[in-house]
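Quick look at coords16.pdb (PDB, C-alpha atoms):
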ATOM      1  CA  MET A   6     -20.651 -20.058  16.668  1.00  0.00           C
ATOM      2  CA  ALA A   7     -18.556 -19.293  13.622  1.00  0.00           C
ATOM      3  CA  ALA A   8     -17.623 -16.388  11.404  1.00  0.00           C
ATOM      4  CA  ASP A   9     -16.587 -17.246   7.872  1.00  0.00           C
ATOM      5  CA  ASP A  10     -16.054 -15.616   4.508  1.00  0.00           C
ATOM      6  CA  GLY A  11     -18.443 -17.907   2.694  1.00  0.00           C
ATOM      7  CA  ARG A  12     -16.065 -19.417   0.160  1.00  0.00           C
ATOM      8  CA  ASP A  13     -16.692 -22.977   1.389  1.00  0.00           C
ATOM      9  CA  GLN A  14     -20.394 -23.138   0.625  1.00  0.00           C
ATOM     10  CA  ASN A  15     -20.609 -26.690   2.019  1.00  0.00           C
ATOM     11  CA  GLY A  16     -18.476 -25.958   5.062  1.00  0.00           C
ATOM     12  CA  TRP A  17     -19.541 -25.061   8.581  1.00  0.00           C
ATOM     13  CA  GLY A  18     -23.271 -25.446   8.379  1.00  0.00           C
ATOM     14  CA  SER A  19     -23.614 -28.617   6.332  1.00  0.00           C
ATOM     15  CA  GLY A  20     -21.136 -30.794   8.185  1.00  0.00           C
ATOM     16  CA  HIS A  21     -21.378 -29.412  11.704  1.00  0.00           C
ATOM     17  CA  THR A  22     -25.013 -28.494  12.298  1.00  0.00           C
ATOM     18  CA  ASP A  23     -24.991 -30.229  15.686  1.00  0.00           C
ATOM     19  CA  HIS A  24     -22.038 -28.154  16.884  1.00  0.00           C
ATOM     20  CA  VAL A  25     -22.518 -24.730  15.296  1.00  0.00           C
ATOM     21  CA  VAL A  26     -25.095 -22.408  16.836  1.00  0.00           C
ATOM     22  CA  ALA A  27     -24.941 -19.793  14.076  1.00  0.00           C
ATOM     23  CA  ILE A  28     -22.675 -18.567  11.285  1.00  0.00           C
ATOM     24  CA  HIS A  29     -21.823 -15.093  10.042  1.00  0.00           C
ATOM     25  CA  LEU A  30     -20.667 -14.590   6.440  1.00  0.00           C
ATOM     26  CA  ASN A  31     -19.206 -11.556   4.729  1.00  0.00           C
ATOM     27  CA  THR A  32     -18.928 -13.162   1.303  1.00  0.00           C
ATOM     28  CA  LEU A  33     -21.700 -15.460   0.144  1.00  0.00           C
ATOM     29  CA  LEU A  34     -21.839 -16.611  -3.463  1.00  0.00           C
ATOM     30  CA  THR A  35     -25.289 -16.687  -5.072  1.00  0.00           C
ATOM     31  CA  PRO A  36     -24.983 -17.939  -8.670  1.00  0.00           C
ATOM     32  CA  PRO A  37     -27.603 -16.918 -11.235  1.00  0.00           C
ATOM     33  CA  PRO A  38     -30.749 -19.088 -11.101  1.00  0.00           C
ATOM     34  CA  ASN A  39     -31.331 -21.725 -13.767  1.00  0.00           C
ATOM     35  CA  ASP A  40     -35.100 -21.299 -13.616  1.00  0.00           C
ATOM     36  CA  PRO A  41     -36.223 -18.591 -16.103  1.00  0.00           C
ATOM     37  CA  ALA A  42     -39.274 -17.816 -13.951  1.00  0.00           C
ATOM     38  CA  GLU A  43     -37.087 -17.223 -10.915  1.00  0.00           C
ATOM     39  CA  ALA A  44     -34.695 -15.092 -12.965  1.00  0.00           C
ATOM     40  CA  ALA A  45     -37.610 -12.969 -14.174  1.00  0.00           C
ATOM     41  CA  GLU A  46     -38.445 -12.053 -10.575  1.00  0.00           C
ATOM     42  CA  LEU A  47     -35.032 -10.508  -9.928  1.00  0.00           C
ATOM     43  CA  THR A  48     -34.836  -6.758  -9.456  1.00  0.00           C
ATOM     44  CA  ASP A  49     -32.492  -4.568 -11.488  1.00  0.00           C
ATOM     45  CA  ASP A  50     -30.127  -4.421  -8.519  1.00  0.00           C
ATOM     46  CA  ASP A  51     -30.229  -8.213  -8.152  1.00  0.00           C
ATOM     47  CA  GLN A  52     -29.372  -8.654 -11.820  1.00  0.00           C
ATOM     48  CA  ALA A  53     -26.575  -6.077 -11.647  1.00  0.00           C
ATOM     49  CA  ARG A  54     -24.963  -8.032  -8.803  1.00  0.00           C
ATOM     50  CA  LEU A  55     -25.167 -11.291 -10.728  1.00  0.00           C
ATOM     51  CA  ASP A  56     -23.827  -9.664 -13.904  1.00  0.00           C
ATOM     52  CA  LEU A  57     -20.818  -8.288 -12.022  1.00  0.00           C
ATOM     53  CA  LEU A  58     -20.059 -11.716 -10.536  1.00  0.00           C
ATOM     54  CA  THR A  59     -20.436 -13.403 -13.928  1.00  0.00           C
ATOM     55  CA  ARG A  60     -18.152 -10.894 -15.674  1.00  0.00           C
ATOM     56  CA  SER A  61     -15.510 -10.958 -12.962  1.00  0.00           C
ATOM     57  CA  GLU A  62     -15.331 -14.662 -12.211  1.00  0.00           C
ATOM     58  CA  PRO A  63     -13.359 -16.007 -15.211  1.00  0.00           C
ATOM     59  CA  GLU A  64     -10.347 -13.711 -14.750  1.00  0.00           C
ATOM     60  CA  MET A  65     -10.541 -13.057 -11.022  1.00  0.00           C
ATOM     61  CA  SER A  66     -10.723 -16.751 -10.105  1.00  0.00           C
ATOM     62  CA  GLY A  67      -7.392 -17.728 -11.666  1.00  0.00           C
ATOM     63  CA  TYR A  68      -5.679 -17.759  -8.268  1.00  0.00           C
ATOM     64  CA  ALA A  69      -8.285 -20.191  -6.895  1.00  0.00           C
ATOM     65  CA  LYS A  70      -7.934 -22.571  -9.823  1.00  0.00           C
ATOM     66  CA  ILE A  71      -4.152 -22.752  -9.360  1.00  0.00           C
ATOM     67  CA  GLN A  72      -4.386 -23.182  -5.595  1.00  0.00           C
ATOM     68  CA  GLY A  73      -7.217 -25.656  -5.982  1.00  0.00           C
ATOM     69  CA  THR A  74      -5.330 -27.897  -8.403  1.00  0.00           C
ATOM     70  CA  ARG A  75      -1.557 -27.341  -7.996  1.00  0.00           C
ATOM     71  CA  PRO A  76      -1.031 -25.651  -4.609  1.00  0.00           C
ATOM     72  CA  GLN A  77       2.316 -27.255  -3.824  1.00  0.00           C
ATOM     73  CA  THR A  78       3.908 -26.231  -7.126  1.00  0.00           C
ATOM     74  CA  LEU A  79       2.863 -22.639  -6.553  1.00  0.00           C
ATOM     75  CA  ALA A  80       4.023 -22.788  -2.929  1.00  0.00           C
ATOM     76  CA  TYR A  81       7.679 -23.300  -3.884  1.00  0.00           C
ATOM     77  CA  ALA A  82       7.747 -20.063  -5.874  1.00  0.00           C
ATOM     78  CA  LEU A  83       5.889 -17.992  -3.285  1.00  0.00           C
ATOM     79  CA  THR A  84       8.021 -19.323  -0.427  1.00  0.00           C
ATOM     80  CA  ASP A  85      11.230 -18.682  -2.354  1.00  0.00           C
ATOM     81  CA  SER A  86      10.434 -15.078  -3.274  1.00  0.00           C
ATOM     82  CA  PRO A  87       9.134 -12.377  -0.939  1.00  0.00           C
ATOM     83  CA  VAL A  88       8.450 -10.208  -4.009  1.00  0.00           C
ATOM     84  CA  GLY A  89       6.410 -13.038  -5.498  1.00  0.00           C
ATOM     85  CA  GLN A  90       4.439 -13.449  -2.280  1.00  0.00           C
ATOM     86  CA  LEU A  91       3.840  -9.688  -2.133  1.00  0.00           C
ATOM     87  CA  ALA A  92       2.627  -9.572  -5.746  1.00  0.00           C
ATOM     88  CA  TRP A  93       0.343 -12.569  -5.195  1.00  0.00           C
ATOM     89  CA  ILE A  94      -1.432 -10.884  -2.284  1.00  0.00           C
ATOM     90  CA  ALA A  95      -1.201  -7.199  -3.206  1.00  0.00           C
ATOM     91  CA  GLU A  96      -2.922  -7.821  -6.543  1.00  0.00           C
ATOM     92  CA  LYS A  97      -6.045  -9.001  -4.739  1.00  0.00           C
ATOM     93  CA  PHE A  98      -5.953  -6.071  -2.332  1.00  0.00           C
ATOM     94  CA  LYS A  99      -5.910  -3.763  -5.338  1.00  0.00           C
ATOM     95  CA  GLU A 100      -8.740  -5.517  -7.163  1.00  0.00           C
ATOM     96  CA  TRP A 101     -10.985  -6.623  -4.307  1.00  0.00           C
ATOM     97  CA  THR A 102     -10.863  -3.723  -1.846  1.00  0.00           C
ATOM     98  CA  ASP A 103     -12.753  -0.458  -1.872  1.00  0.00           C
ATOM     99  CA  SER A 104      -9.709   1.295  -3.341  1.00  0.00           C
ATOM    100  CA  ILE A 105      -9.320   3.847  -6.107  1.00  0.00           C
ATOM    101  CA  ASP A 106      -5.755   3.664  -7.415  1.00  0.00           C
ATOM    102  CA  VAL A 107      -3.637   1.600  -5.020  1.00  0.00           C
ATOM    103  CA  PRO A 108      -4.350  -0.925  -2.239  1.00  0.00           C
ATOM    104  CA  GLU A 109      -3.304   1.650   0.357  1.00  0.00           C
ATOM    105  CA  ASP A 110      -6.489   3.561  -0.456  1.00  0.00           C
ATOM    106  CA  ALA A 111      -8.299   0.868   1.530  1.00  0.00           C
ATOM    107  CA  VAL A 112      -5.667  -0.764   3.758  1.00  0.00           C
ATOM    108  CA  THR A 113      -2.547   0.892   5.155  1.00  0.00           C
ATOM    109  CA  ARG A 114       0.765  -0.161   3.663  1.00  0.00           C
ATOM    110  CA  ASP A 115       2.060  -1.338   7.042  1.00  0.00           C
ATOM    111  CA  ARG A 116      -0.975  -3.556   7.532  1.00  0.00           C
ATOM    112  CA  LEU A 117      -0.710  -4.971   4.018  1.00  0.00           C
ATOM    113  CA  LEU A 118       3.009  -5.716   4.424  1.00  0.00           C
ATOM    114  CA  THR A 119       2.374  -7.316   7.812  1.00  0.00           C
ATOM    115  CA  ASN A 120      -0.203  -9.569   6.196  1.00  0.00           C
ATOM    116  CA  VAL A 121       2.264 -10.602   3.482  1.00  0.00           C
ATOM    117  CA  MET A 122       5.072 -11.212   5.978  1.00  0.00           C
ATOM    118  CA  LEU A 123       2.862 -13.551   8.011  1.00  0.00           C
ATOM    119  CA  TYR A 124       2.732 -15.824   4.973  1.00  0.00           C
ATOM    120  CA  TRP A 125       6.351 -15.463   3.888  1.00  0.00           C
ATOM    121  CA  LEU A 126       8.201 -15.673   7.205  1.00  0.00           C
ATOM    122  CA  THR A 127       6.203 -18.722   8.263  1.00  0.00           C
ATOM    123  CA  ALA A 128       6.468 -20.390   4.816  1.00  0.00           C
ATOM    124  CA  THR A 129       2.729 -21.038   4.766  1.00  0.00           C
ATOM    125  CA  ALA A 130       1.924 -20.350   1.116  1.00  0.00           C
ATOM    126  CA  GLY A 131       1.296 -24.072   0.672  1.00  0.00           C
ATOM    127  CA  SER A 132      -0.746 -24.761   3.784  1.00  0.00           C
ATOM    128  CA  SER A 133      -2.852 -21.632   3.313  1.00  0.00           C
ATOM    129  CA  ALA A 134      -3.819 -22.879  -0.153  1.00  0.00           C
ATOM    130  CA  ARG A 135      -5.096 -26.185   1.205  1.00  0.00           C
ATOM    131  CA  HIS A 136      -8.541 -24.668   1.728  1.00  0.00           C
ATOM    132  CA  TYR A 137      -8.830 -24.268  -2.031  1.00  0.00           C
ATOM    133  CA  TRP A 138      -7.568 -27.775  -2.762  1.00  0.00           C
ATOM    134  CA  GLU A 139     -10.138 -29.211  -0.355  1.00  0.00           C
ATOM    135  CA  ALA A 140     -12.894 -27.126  -1.955  1.00  0.00           C
ATOM    136  CA  PHE A 141     -11.908 -28.506  -5.375  1.00  0.00           C
ATOM    137  CA  HIS A 142     -11.722 -32.073  -3.988  1.00  0.00           C
ATOM    138  CA  PRO A 143     -14.633 -32.331  -1.527  1.00  0.00           C
ATOM    139  CA  SER A 144     -14.677 -35.270   0.846  1.00  0.00           C
ATOM    140  CA  ARG A 145     -18.483 -35.383   0.951  1.00  0.00           C
ATOM    141  CA  PRO A 146     -21.217 -34.822  -1.629  1.00  0.00           C
ATOM    142  CA  PRO A 147     -22.603 -31.311  -2.074  1.00  0.00           C
ATOM    143  CA  ARG A 148     -25.363 -30.284   0.280  1.00  0.00           C
ATOM    144  CA  THR A 149     -28.780 -30.541  -1.330  1.00  0.00           C
ATOM    145  CA  GLU A 150     -31.002 -29.568   1.615  1.00  0.00           C
ATOM    146  CA  PRO A 151     -31.310 -25.951   2.774  1.00  0.00           C
ATOM    147  CA  LEU A 152     -28.984 -25.055   5.639  1.00  0.00           C
ATOM    148  CA  GLU A 153     -30.969 -24.746   8.863  1.00  0.00           C
ATOM    149  CA  THR A 154     -28.229 -23.074  10.905  1.00  0.00           C
ATOM    150  CA  PRO A 155     -29.137 -19.413  11.617  1.00  0.00           C
ATOM    151  CA  THR A 156     -27.039 -17.344   9.238  1.00  0.00           C
ATOM    152  CA  GLY A 157     -26.042 -13.697   9.242  1.00  0.00           C
ATOM    153  CA  VAL A 158     -24.740 -11.973   6.109  1.00  0.00           C
ATOM    154  CA  THR A 159     -22.907  -8.685   5.799  1.00  0.00           C
ATOM    155  CA  VAL A 160     -22.589  -7.144   2.337  1.00  0.00           C
ATOM    156  CA  PHE A 161     -19.966  -4.500   1.549  1.00  0.00           C
ATOM    157  CA  ALA A 162     -20.497  -2.230  -1.442  1.00  0.00           C
ATOM    158  CA  ALA A 163     -17.175  -2.846  -3.220  1.00  0.00           C
ATOM    159  CA  ASP A 164     -17.244  -6.638  -2.926  1.00  0.00           C
ATOM    160  CA  LEU A 165     -17.321  -8.160  -6.406  1.00  0.00           C
ATOM    161  CA  ALA A 166     -19.419 -11.045  -5.099  1.00  0.00           C
ATOM    162  CA  ARG A 167     -22.326  -9.202  -3.522  1.00  0.00           C
ATOM    163  CA  PRO A 168     -25.038 -11.796  -2.888  1.00  0.00           C
ATOM    164  CA  VAL A 169     -28.708 -11.583  -3.813  1.00  0.00           C
ATOM    165  CA  ARG A 170     -30.791 -12.111  -0.695  1.00  0.00           C
ATOM    166  CA  ARG A 171     -33.724 -13.899  -2.324  1.00  0.00           C
ATOM    167  CA  LEU A 172     -31.292 -16.417  -3.826  1.00  0.00           C
ATOM    168  CA  ALA A 173     -29.364 -16.801  -0.581  1.00  0.00           C
ATOM    169  CA  GLU A 174     -32.579 -17.612   1.264  1.00  0.00           C
ATOM    170  CA  ARG A 175     -33.142 -20.683  -0.913  1.00  0.00           C
ATOM    171  CA  ASP A 176     -30.149 -22.417   0.666  1.00  0.00           C
ATOM    172  CA  HIS A 177     -29.629 -20.662   4.008  1.00  0.00           C
ATOM    173  CA  ASN A 178     -31.664 -19.765   7.060  1.00  0.00           C
ATOM    174  CA  ILE A 179     -31.015 -16.027   6.805  1.00  0.00           C
ATOM    175  CA  VAL A 180     -31.922 -14.289  10.063  1.00  0.00           C
ATOM    176  CA  HIS A 181     -29.690 -11.221   9.733  1.00  0.00           C
ATOM    177  CA  TRP A 182     -28.718  -9.204   6.646  1.00  0.00           C
ATOM    178  CA  SER A 183     -26.712  -5.963   6.650  1.00  0.00           C
ATOM    179  CA  GLU A 184     -25.503  -3.840   3.720  1.00  0.00           C
ATOM    180  CA  PHE A 185     -22.862  -1.119   3.982  1.00  0.00           C
ATOM    181  CA  ASP A 186     -22.036   1.598   1.458  1.00  0.00           C
ATOM    182  CA  ARG A 187     -18.277   1.104   1.737  1.00  0.00           C
ATOM    183  CA  GLY A 188     -15.752  -1.672   2.168  1.00  0.00           C
ATOM    184  CA  GLY A 189     -14.774  -4.603  -0.043  1.00  0.00           C
ATOM    185  CA  HIS A 190     -13.853  -8.274   0.179  1.00  0.00           C
ATOM    186  CA  PHE A 191     -11.248  -7.757   2.922  1.00  0.00           C
ATOM    187  CA  ALA A 192     -13.738  -5.951   5.111  1.00  0.00           C
ATOM    188  CA  VAL A 193     -12.172  -7.001   8.392  1.00  0.00           C
ATOM    189  CA  MET A 194      -9.082  -4.967   7.421  1.00  0.00           C
ATOM    190  CA  GLU A 195     -10.846  -2.215   5.489  1.00  0.00           C
ATOM    191  CA  GLU A 196     -13.749  -1.458   7.829  1.00  0.00           C
ATOM    192  CA  PRO A 197     -12.978  -3.268  11.095  1.00  0.00           C
ATOM    193  CA  ASP A 198     -15.427  -1.231  13.181  1.00  0.00           C
ATOM    194  CA  LEU A 199     -18.359  -1.873  10.862  1.00  0.00           C
ATOM    195  CA  PHE A 200     -17.446  -5.532  10.606  1.00  0.00           C
ATOM    196  CA  ALA A 201     -17.015  -6.094  14.344  1.00  0.00           C
ATOM    197  CA  ASP A 202     -20.209  -4.226  15.233  1.00  0.00           C
ATOM    198  CA  ASP A 203     -22.216  -6.309  12.781  1.00  0.00           C
ATOM    199  CA  ILE A 204     -20.819  -9.575  14.141  1.00  0.00           C
ATOM    200  CA  ARG A 205     -21.660  -8.483  17.688  1.00  0.00           C
ATOM    201  CA  THR A 206     -25.191  -7.516  16.651  1.00  0.00           C
ATOM    202  CA  PHE A 207     -25.756 -10.841  14.927  1.00  0.00           C
ATOM    203  CA  PHE A 208     -24.372 -13.127  17.634  1.00  0.00           C
ATOM    204  CA  ARG A 209     -25.797 -11.249  20.631  1.00  0.00           C
ATOM    205  CA  PRO A 210     -29.120 -13.178  20.658  1.00  0.00           C
ATOM    206  CA  PHE A 211     -27.221 -16.503  20.649  1.00  0.00           C
ATOM    207  CA  ARG A 212     -25.107 -15.774  23.739  1.00  0.00           C
TER     208      ARG A 212
END

Show me, as structure tokens, the structure contained in the file I just sent.
Amino acid sequence: MAADDGRDQNGWGSGHTDHVVAIHLNTLLTPPPNDPAEAAELTDDDQARLDLLTRSEPEMSGYAKIQGTRPQTLAYALTDSPVGQLAWIAEKFKEWTDSIDVPEDAVTRDRLLTNVMLYWLTATAGSSARHYWEAFHPSRPPRTEPLETPTGVTVFAADLARPVRRLAERDHNIVHWSEFDRGGHFAVMEEPDLFADDIRTFFRPFR
């Protein structure tokens, strides 16, 4: 069993189908379809989700491009400066959470600072970015067959990358889909009760 945030679209399920019973995702990217006929079947809500992802991606993905191409260079600066490490993380908590004015609207300041200190005190800015480098430099070809592993998806209202179910079902064996009217990308910190309950509900049949 595995719970993941969905950023590595070729991760758990494609390379470990013999070892993973099921996966639960709280961020699953569903790019716009290339087929005009398929695009025409999208609902207004589906299209709104894709439009938000398309508008947000160029600017919001800058961090991933740096970590995916030059993670070690960035790591020196973040490891050298606690203010730099704080700014690097707090920016995303402001932009990606279900907050209004400041990150603390969604996540307490103590919890946010604890999160930042885990990176800075352990000097893991570099190693934590390796996930992005590996995603940018895959060791195996992209998966072309639909993923057969039973997959659960939880969608939180303030996540910028809210997936479209009909598109997700092209590539994943979706057996569980939940949508909540609050919470953002960092749902495990913003809405831990909702998140934990949904994971329990999804995995219970696989126990």

Of the residues A:Glu174, A:Glu100, A:Thr154, A:Gln72, which is the one nearest to A:His24, using only C-alpha atoms?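 The shortest atom-to-atom distance to A:His24 comes from A:Thr154.
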
Interatomic distance (Å, one decimal) between atom CA of A:Arg75 and atom CA of A:Gly131: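 For atom CA of A:Arg75 relative to atom CA of A:Gly131, the distance reads 9.7 Å.
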
Residue members of the PyMOL selection byres ((chain A and resi 204) around 12) in the file shown, as JSON, numbers by chain: {"A": [6, 7, 8, 9, 27, 28, 29, 30, 31, 156, 157, 158, 159, 181, 182, 183, 193, 197, 198, 199, 200, 201, 202, 203, 205, 206, 207, 208, 209, 210, 211]}

Which centre and which edge lengths, in Å to one decimal, describe the axis-aligned box that holds all listed atoms of stretch 138-147 of chain A after 6 Å is added on each side, as AutoDock Vina command-line options?
--center_x -15.1 --center_y -31.3 --center_z -2.2 --size_x 27.0 --size_y 20.3 --size_z 18.3

Restricting the calculation to all atoms listed in the file: of A:Ser132, A:Thr127, A:Asn178, A:Thr149, which residue gets closest to A:Gly73?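 Under the stated criterion, the closest residue is A:Ser132.
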
Could you tell me how far atom CA of A:Asp164 lies from atom CA of A:Trp101, in Å and to one decimal?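 Answer for the atom CA of A:Asp164 to atom CA of A:Trp101 separation: 6.4 Å.
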
List the residues matched by the PyMOL selection byres ((chain A and resi 136) around 10) in the displayed structure as a list in words, ordered by chain and then by residue number.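 Output of the PyMOL selection byres ((chain A and resi 136) around 10): Arg12, Asp13, Ala69, Gln72, Gly73, Pro76, Gly131, Ser132, Ser133, Ala134, Arg135, Tyr137, Trp138, Glu139, Ala140, Phe141 and His142 of chain A.
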
For atom CA of A:Phe191 and atom CA of A:Thr102, quote the distance in Å rounded to one decimal. 6.3 Å

When distances are computed from only C-alpha atoms, which of A:Leu126, A:Leu57, A:Ala173, A:Met194 shows the smallest separation from A:Asp85?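 Of the candidates, the smallest distance to A:Asp85 is held by A:Leu126.
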
With distances taken over all atoms listed in the file, which residue among A:Val88, A:Leu34, A:Leu165, A:Ala80 lies nearest A:His190? A:Leu165
